[in-house]
>>> print(open('start-v2.cif').read())   # mmCIF, C-alpha atoms
data_model
#
loop_
_atom_site.label_atom_id
_atom_site.label_comp_id
_atom_site.auth_asym_id
_atom_site.auth_seq_id
_atom_site.Cartn_x
_atom_site.Cartn_y
_atom_site.Cartn_z
CA MET R 1 8.79 16.10 6.27
CA THR R 2 8.29 16.50 2.53
CA ASP R 3 5.96 19.22 1.21
CA VAL R 4 2.85 18.55 -0.85
CA SER R 5 4.32 19.46 -4.25
CA GLU R 6 7.29 17.16 -3.67
CA LEU R 7 4.98 14.36 -2.54
CA LYS R 8 2.93 14.74 -5.73
CA GLU R 9 6.12 14.38 -7.77
CA ILE R 10 7.18 11.33 -5.76
CA ALA R 11 3.78 9.74 -6.46
CA ARG R 12 4.24 10.48 -10.17
CA LYS R 13 7.70 8.87 -10.11
CA ILE R 14 6.25 5.82 -8.35
CA ARG R 15 3.76 5.45 -11.19
CA VAL R 16 6.49 5.80 -13.80
CA ASP R 17 8.57 3.19 -11.99
CA VAL R 18 5.60 0.79 -11.82
CA ILE R 19 5.03 1.04 -15.57
CA LYS R 20 8.70 0.60 -16.41
CA MET R 21 9.19 -2.27 -13.95
CA THR R 22 6.20 -4.30 -15.04
CA HIS R 23 7.04 -3.72 -18.71
CA ALA R 24 10.61 -4.90 -18.16
CA ALA R 25 9.39 -7.94 -16.24
CA GLY R 26 6.64 -8.74 -18.72
CA SER R 27 4.33 -9.42 -15.78
CA GLY R 28 3.15 -7.92 -12.52
CA HIS R 29 0.30 -5.91 -11.10
CA PRO R 30 0.19 -2.30 -12.30
CA GLY R 31 -3.47 -1.44 -11.56
CA GLY R 32 -3.43 -1.47 -7.77
CA SER R 33 0.14 -0.21 -7.66
CA LEU R 34 -0.94 2.90 -9.57
CA SER R 35 -3.99 3.47 -7.37
CA SER R 36 -1.91 3.48 -4.19
CA ALA R 37 0.97 5.76 -5.26
CA GLU R 38 -0.04 8.73 -3.09
CA ILE R 39 -0.54 6.46 -0.09
CA PHE R 40 3.00 5.14 -0.38
CA ALA R 41 4.45 8.60 -0.96
CA VAL R 42 2.78 10.08 2.13
CA LEU R 43 3.63 7.10 4.34
CA TYR R 44 7.32 6.90 3.48
CA PHE R 45 8.11 10.57 2.96
CA ASN R 46 5.83 12.24 5.51
CA THR R 47 4.18 9.97 8.07
CA MET R 48 6.37 7.05 9.15
CA ASN R 49 9.46 7.18 11.32
CA HIS R 50 12.01 5.00 9.57
CA ARG R 51 15.68 4.95 8.65
CA PRO R 52 16.51 3.49 5.24
CA GLU R 53 20.18 3.42 6.21
CA ASP R 54 19.27 1.36 9.30
CA PRO R 55 16.28 -0.86 8.39
CA GLU R 56 16.41 -2.69 11.74
CA TRP R 57 16.26 0.52 13.82
CA GLU R 58 14.38 -0.58 16.92
CA ASP R 59 12.22 2.55 17.17
CA ARG R 60 11.00 2.45 13.57
CA ASP R 61 7.38 2.43 12.52
CA ILE R 62 6.33 -0.78 10.77
CA PHE R 63 4.62 -1.09 7.40
CA ILE R 64 2.87 -4.28 6.30
CA LEU R 65 1.73 -4.62 2.68
CA SER R 66 -1.17 -7.02 3.03
CA LYS R 67 -2.03 -6.86 -0.67
CA GLY R 68 1.44 -8.05 -1.56
CA HIS R 69 0.86 -8.10 -5.31
CA VAL R 70 1.22 -4.29 -5.47
CA CYS R 71 4.84 -4.53 -4.36
CA PRO R 72 6.06 -2.66 -7.49
CA ALA R 73 4.82 0.54 -5.83
CA LEU R 74 6.35 -0.48 -2.50
CA TYR R 75 9.71 -1.27 -4.10
CA SER R 76 9.63 2.08 -5.88
CA VAL R 77 9.03 4.13 -2.74
CA MET R 78 11.61 2.09 -0.82
CA ALA R 79 14.23 2.70 -3.50
CA ARG R 80 13.42 6.38 -3.73
CA SER R 81 13.66 6.77 0.04
CA GLY R 82 17.08 5.09 0.08
CA TYR R 83 16.72 1.41 0.96
CA PHE R 84 18.43 0.26 -2.24
CA PRO R 85 19.52 1.75 -5.60
CA VAL R 86 16.75 2.95 -7.91
CA GLU R 87 18.47 1.12 -10.79
CA GLU R 88 17.67 -2.20 -9.10
CA LEU R 89 13.96 -1.63 -9.72
CA MET R 90 14.34 -2.97 -13.25
CA THR R 91 15.20 -6.41 -11.85
CA LEU R 92 11.58 -6.94 -10.73
CA ARG R 93 10.59 -10.61 -10.98
CA LYS R 94 13.92 -11.58 -12.55
CA LEU R 95 15.61 -14.81 -11.48
CA GLY R 96 17.78 -14.13 -8.44
CA SER R 97 16.40 -10.62 -7.90
CA ARG R 98 15.69 -9.32 -4.41
CA LEU R 99 12.52 -7.81 -5.86
CA GLN R 100 10.24 -10.80 -6.09
CA GLY R 101 6.70 -10.71 -7.47
CA HIS R 102 5.45 -10.58 -3.88
CA PRO R 103 7.45 -9.18 -0.92
CA HIS R 104 10.12 -11.57 0.37
CA MET R 105 11.37 -10.28 3.72
CA LEU R 106 14.44 -12.55 3.79
CA ALA R 107 15.62 -11.15 0.47
CA LEU R 108 15.24 -7.39 0.95
CA PRO R 109 16.07 -5.34 4.07
CA GLY R 110 13.22 -3.01 4.98
CA LEU R 111 10.44 -5.52 4.34
CA GLU R 112 8.70 -6.49 7.57
CA ALA R 113 6.72 -9.49 6.28
CA SER R 114 6.46 -11.82 3.29
CA THR R 115 2.94 -11.28 2.01
CA GLY R 116 0.69 -12.14 -0.89
CA SER R 117 -1.84 -14.60 0.50
CA LEU R 118 -4.67 -12.10 0.77
CA GLY R 119 -6.23 -11.49 4.17
CA GLN R 120 -3.18 -12.27 6.28
CA GLY R 121 -1.45 -8.89 6.53
CA LEU R 122 -3.76 -7.35 9.11
CA SER R 123 -3.17 -10.27 11.48
CA ILE R 124 0.59 -9.79 11.10
CA ALA R 125 0.19 -6.07 11.75
CA ILE R 126 -1.78 -6.75 14.94
CA GLY R 127 0.97 -9.02 16.21
CA CYS R 128 3.55 -6.32 15.52
CA ALA R 129 1.44 -3.66 17.23
CA LEU R 130 0.85 -5.80 20.31
CA GLY R 131 4.56 -6.52 20.50
CA LEU R 132 5.35 -2.82 20.42
CA LYS R 133 2.88 -2.18 23.23
CA LEU R 134 4.34 -4.98 25.35
CA ASN R 135 7.79 -3.50 24.84
CA LYS R 136 6.43 -0.04 25.67
CA LYS R 137 7.47 1.36 22.31
CA LYS R 138 5.86 4.46 20.84
CA SER R 139 6.19 3.19 17.27
CA ARG R 140 3.14 2.66 15.08
CA VAL R 141 2.11 -0.02 12.60
CA TYR R 142 0.54 0.65 9.21
CA CYS R 143 -1.17 -2.01 7.09
CA LEU R 144 -2.30 -1.47 3.50
CA MET R 145 -5.13 -3.71 2.27
CA GLY R 146 -7.08 -3.98 -0.96
CA ASP R 147 -10.83 -3.63 -1.17
CA GLY R 148 -11.18 -6.97 -2.92
CA GLU R 149 -9.23 -8.30 0.05
CA GLN R 150 -12.10 -7.22 2.30
CA GLU R 151 -13.86 -10.37 1.12
CA GLU R 152 -11.40 -12.49 3.14
CA GLY R 153 -12.79 -13.75 6.44
CA GLN R 154 -9.45 -13.41 8.18
CA ILE R 155 -9.64 -9.64 7.74
CA TRP R 156 -12.73 -9.51 9.93
CA GLU R 157 -11.39 -11.90 12.56
CA ALA R 158 -8.34 -9.65 12.78
CA ALA R 159 -10.47 -6.51 12.88
CA MET R 160 -12.48 -7.91 15.79
CA SER R 161 -9.28 -8.83 17.64
CA ALA R 162 -7.67 -5.41 17.17
CA ALA R 163 -10.72 -3.65 18.60
CA HIS R 164 -10.98 -6.11 21.48
CA TYR R 165 -7.40 -5.45 22.54
CA LYS R 166 -7.71 -1.69 21.94
CA ILE R 167 -4.73 -1.61 19.61
CA ASP R 168 -4.56 2.12 19.05
CA ASN R 169 -1.03 2.07 17.63
CA LEU R 170 -2.37 0.38 14.49
CA THR R 171 -3.63 2.15 11.37
CA GLY R 172 -5.23 0.09 8.62
CA ILE R 173 -5.55 1.51 5.12
CA VAL R 174 -8.01 0.23 2.52
CA ASP R 175 -7.19 1.10 -1.10
CA ARG R 176 -10.82 1.25 -2.24
CA ASN R 177 -10.39 1.31 -6.03
CA ARG R 178 -13.52 -0.86 -6.40
CA LEU R 179 -11.89 -3.39 -8.74
CA GLN R 180 -10.32 -6.79 -8.25
CA ILE R 181 -8.88 -9.36 -10.64
CA ASP R 182 -12.25 -10.56 -11.96
CA GLY R 183 -14.09 -7.25 -12.14
CA PHE R 184 -15.83 -4.70 -9.93
CA THR R 185 -16.02 -5.66 -6.27
CA LYS R 186 -19.75 -4.89 -6.19
CA ASP R 187 -20.29 -7.62 -8.79
CA ILE R 188 -17.90 -10.20 -7.34
CA MET R 189 -18.77 -9.92 -3.64
CA GLY R 190 -20.25 -6.64 -2.46
CA SER R 191 -18.60 -5.33 0.70
CA GLU R 192 -20.40 -2.01 1.04
CA PRO R 193 -21.25 -0.24 3.26
CA LEU R 194 -17.58 -0.70 4.15
CA GLU R 195 -17.47 2.24 6.56
CA ASP R 196 -20.35 0.84 8.61
CA LYS R 197 -18.74 -2.60 8.77
CA TRP R 198 -15.46 -1.29 10.18
CA LYS R 199 -17.34 0.89 12.68
CA ALA R 200 -19.41 -2.11 13.76
CA PHE R 201 -16.18 -3.99 14.41
CA GLY R 202 -15.05 -1.25 16.79
CA TRP R 203 -12.67 0.77 14.62
CA HIS R 204 -12.40 4.52 14.18
CA VAL R 205 -13.03 5.15 10.48
CA ILE R 206 -11.71 7.97 8.28
CA ILE R 207 -12.80 8.34 4.64
CA VAL R 208 -10.54 10.29 2.26
CA ASP R 209 -9.76 10.82 -1.39
CA GLY R 210 -6.75 8.53 -1.77
CA HIS R 211 -5.20 10.77 -4.42
CA ASP R 212 -5.41 13.93 -2.27
CA ILE R 213 -2.03 14.38 -0.62
CA LYS R 214 -3.21 16.90 1.98
CA ALA R 215 -6.19 14.76 2.93
CA LEU R 216 -3.96 11.71 3.40
CA ILE R 217 -1.49 13.65 5.56
CA ASN R 218 -4.32 14.90 7.77
CA ALA R 219 -5.89 11.45 8.00
CA PHE R 220 -2.65 9.86 9.22
CA LYS R 221 -2.19 12.69 11.71
CA LYS R 222 -5.73 12.19 13.02
CA ALA R 223 -5.16 8.44 13.38
CA LYS R 224 -2.29 9.12 15.78
CA THR R 225 -4.64 10.96 18.13
CA ILE R 226 -7.24 8.17 18.45
CA LYS R 227 -6.97 6.27 21.73
CA ASP R 228 -8.27 2.87 22.86
CA LYS R 229 -9.28 1.70 19.38
CA PRO R 230 -7.56 1.05 16.04
CA THR R 231 -8.14 3.34 13.07
CA VAL R 232 -8.82 2.43 9.46
CA ILE R 233 -8.43 4.96 6.66
CA ILE R 234 -10.63 4.05 3.69
CA THR R 235 -9.14 5.74 0.64
CA ASP R 236 -11.28 6.26 -2.44
CA THR R 237 -8.97 5.68 -5.41
CA ILE R 238 -8.94 4.87 -9.13
CA LYS R 239 -7.41 1.60 -10.25
CA GLY R 240 -4.76 2.32 -12.87
CA LYS R 241 -4.69 5.99 -11.84
CA GLY R 242 -2.71 8.24 -14.17
CA VAL R 243 -2.68 5.95 -17.21
CA SER R 244 -5.71 6.66 -19.39
CA PHE R 245 -6.26 3.19 -20.82
CA MET R 246 -5.69 1.47 -17.47
CA GLU R 247 -8.07 3.52 -15.33
CA ASN R 248 -11.03 1.48 -14.05
CA VAL R 249 -10.23 -1.47 -16.33
CA ALA R 250 -10.02 -4.80 -14.51
CA ILE R 251 -7.59 -6.49 -16.89
CA TRP R 252 -4.79 -4.19 -15.65
CA HIS R 253 -5.00 -5.74 -12.21
CA GLY R 254 -2.36 -8.22 -13.31
CA GLN R 255 -1.17 -7.46 -16.85
CA ALA R 256 2.02 -5.67 -17.89
CA PRO R 257 2.08 -3.07 -20.67
CA ASN R 258 3.62 -4.13 -23.97
CA ASP R 259 6.10 -2.12 -26.09
CA GLU R 260 3.40 0.09 -27.60
CA GLU R 261 1.39 0.50 -24.41
CA ILE R 262 4.37 1.65 -22.36
CA LYS R 263 4.85 4.62 -24.70
CA LYS R 264 1.27 5.75 -24.19
CA ALA R 265 1.45 5.11 -20.43
CA LEU R 266 4.64 7.11 -19.93
CA ASN R 267 3.26 9.92 -22.06
CA ASP R 268 0.16 10.02 -19.85
CA LEU R 269 2.45 10.27 -16.82
CA GLY R 270 4.47 13.12 -18.30
CA GLU R 271 7.54 10.99 -18.82
CA LEU R 272 9.48 10.59 -22.06
CA HIS R 273 10.08 6.96 -23.05
#
>>> encode(input="start-v2.cif", output="structure tokens")
Amino acid sequence: MTDVSELKEIARKIRVDVIKMTHAAGSGHPGGSLSSAEIFAVLYFNTMNHRPEDPEWEDRDIFILSKGHVCPALYSVMARSGYFPVEELMTLRKLGSRLQGHPHMLALPGLEASTGSLGQGLSIAIGCALGLKLNKKKSRVYCLMGDGEQEEGQIWEAAMSAAHYKIDNLTGIVDRNRLQIDGFTKDIMGSEPLEDKWKAFGWHVIIVDGHDIKALINAFKKAKTIKDKPTVIITDTIKGKGVSFMENVAIWHGQAPNDEEIKKALNDLGELH
């Protein structure tokens, strides 16, 4: 397992990668990628059992990125954990690249599902978790969702199903940065009290600061101890975290930094351009 200081540095590198990748592509989704950097760092370098050198290892844990548009952060953590060369990150969204604008499982080993249609990832994760139980595997499934995504009806059908079948090898994660493409979630379609909703659907709920490495590590550990019900970890985060002019600004949900903005962004992240 990787220690807290190293995980903080990995999260910083993920943010740097996201800025550089989206700038090079001229498009992409930096806001939610930046808000989830610590989540990815803790999952891939501390929590999940996986083998980058053997992506099809039958005893691996499974990760599903339901909010597929934040794949720049996923690609970064995959590259930095050894699934493919870090240099390939700069091919994001380029013609013929394995790093498509949303995850394409047939293009890149290590991706468990092609995602991007919001609301579908949790259903996929449930299927994976049920399959592991039927095969008597001890592996776990992790599914990262957005908070704007909580407005999708399929999320709640899936949530009800997971509780009904007592799928305790499943951990959902909500990146609650409180923004979506059109503005603040409270203004678009209020989903609070989110904790109460998940509890009402039969899930064990953990609330954490999504930028606190120690809190995330402990939350994932706690989730492994919960029996007979699935767990959801609701992480309070800041959209655009780490880049001053992107934080809590909706436009950065899906806009790449230009040549001037990348200089400021990398400076904010402690990285020379």
>>> residues_around(input="start-v2.cif", residues="Phe220 in chain R", least_positions_apart="3", cutoff="10 Å", atoms="all atoms listed in the file", output="JSON, numbers by chain")
{"R": [42, 43, 46, 47, 48, 142, 171, 173, 206, 215, 216, 217, 223, 224, 225, 231, 232, 233]}
>>> residues_around(input="start-v2.cif", residues="range 14-25 of chain R", least_positions_apart="5", cutoff="7 Å", atoms="only C-alpha atoms", output="list in words")
Pro30, Ser33, Leu34, Ala37, Pro72, Ala73, Ser76, Val77, Leu89, Met90, Leu92, Arg93, Lys94, Ala256, Pro257, Asn258, Ile262, Leu266 and Leu269 of chain R
>>> atom_distance(input="start-v2.cif", atom1="CA of Met246 in chain R", atom2="CA of Asp147 in chain R")
17.8 Å
>>> resolve_selection(input="start-v2.cif", expression="the PyMOL selection byres ((chain R and resi 56-71) around 7)", output="PyMOL selection string")
chain R and resi 29+32-33+48-51+54-55+72-75+101-103+112-113+115-116+118-122+125+139-146
>>> write_last_selection(input="start-v2.cif", atoms="C-alpha atoms", output="JSON list (two decimals), keeping the file's coordinate frame")
[["chain", "number", "residue", "atom", "x", "y", "z"],
["R", 29, "HIS", "CA", 0.30, -5.91, -11.10],
["R", 32, "GLY", "CA", -3.43, -1.47, -7.77],
["R", 33, "SER", "CA", 0.14, -0.21, -7.66],
["R", 48, "MET", "CA", 6.37, 7.05, 9.15],
["R", 49, "ASN", "CA", 9.46, 7.18, 11.32],
["R", 50, "HIS", "CA", 12.01, 5.00, 9.57],
["R", 51, "ARG", "CA", 15.68, 4.95, 8.65],
["R", 54, "ASP", "CA", 19.27, 1.36, 9.30],
["R", 55, "PRO", "CA", 16.28, -0.86, 8.39],
["R", 72, "PRO", "CA", 6.06, -2.66, -7.49],
["R", 73, "ALA", "CA", 4.82, 0.54, -5.83],
["R", 74, "LEU", "CA", 6.35, -0.48, -2.50],
["R", 75, "TYR", "CA", 9.71, -1.27, -4.10],
["R", 101, "GLY", "CA", 6.70, -10.71, -7.47],
["R", 102, "HIS", "CA", 5.45, -10.58, -3.88],
["R", 103, "PRO", "CA", 7.45, -9.18, -0.92],
["R", 112, "GLU", "CA", 8.70, -6.49, 7.57],
["R", 113, "ALA", "CA", 6.72, -9.49, 6.28],
["R", 115, "THR", "CA", 2.94, -11.28, 2.01],
["R", 116, "GLY", "CA", 0.69, -12.14, -0.89],
["R", 118, "LEU", "CA", -4.67, -12.10, 0.77],
["R", 119, "GLY", "CA", -6.23, -11.49, 4.17],
["R", 120, "GLN", "CA", -3.18, -12.27, 6.28],
["R", 121, "GLY", "CA", -1.45, -8.89, 6.53],
["R", 122, "LEU", "CA", -3.76, -7.35, 9.11],
["R", 125, "ALA", "CA", 0.19, -6.07, 11.75],
["R", 139, "SER", "CA", 6.19, 3.19, 17.27],
["R", 140, "ARG", "CA", 3.14, 2.66, 15.08],
["R", 141, "VAL", "CA", 2.11, -0.02, 12.60],
["R", 142, "TYR", "CA", 0.54, 0.65, 9.21],
["R", 143, "CYS", "CA", -1.17, -2.01, 7.09],
["R", 144, "LEU", "CA", -2.30, -1.47, 3.50],
["R", 145, "MET", "CA", -5.13, -3.71, 2.27],
["R", 146, "GLY", "CA", -7.08, -3.98, -0.96]]
>>> atom_distance(input="start-v2.cif", atom1="CA of Val4 in chain R", atom2="CA of Leu272 in chain R")
23.6 Å
>>> resolve_selection(input="start-v2.cif", expression="the PyMOL selection byres ((chain R and resi 179) around 10)", output="list in words")
Gly31, Gly32, Gly146, Asp147, Gly148, Arg176, Asn177, Arg178, Gln180, Ile181, Asp182, Gly183, Phe184, Thr185, Lys186, Asp187, Ile188, Ile238, Lys239, Asn248, Val249, Ala250, Ile251, Trp252 and His253 of chain R
>>> atom_distance(input="start-v2.cif", atom1="CA of Asp228 in chain R", atom2="CA of Asn169 in chain R")
9.0 Å
>>> closest_residue(input="start-v2.cif", among="R:Ile124, R:Gly82, R:Glu271, R:Asp168", to="Lys222 in chain R", atoms="all atoms listed in the file")
R:Asp168
>>> resolve_selection(input="start-v2.cif", expression="the PyMOL selection byres ((chain R and resi 195) around 10)", output="NGL selection string")
:R and (191-194 or 196-200 or 203-207 or 232-234)
>>> closest_residue(input="start-v2.cif", among="R:Phe45, R:Ser27, R:Ala265, R:Gly131", to="Gln100 in chain R", atoms="only C-alpha atoms")
R:Ser27
>>> closest_residue(input="start-v2.cif", among="R:Glu247, R:Glu38, R:Pro230, R:Glu88", to="Asp175 in chain R", atoms="only C-alpha atoms")
R:Glu38
>>> axis_aligned_box(input="start-v2.cif", around="range 34-45 of chain R", padding_each_side="5 Å", output="JSON")
{"center_x": 2.1, "center_y": 6.7, "center_z": -2.6, "size_x": 22.1, "size_y": 17.7, "size_z": 23.9}
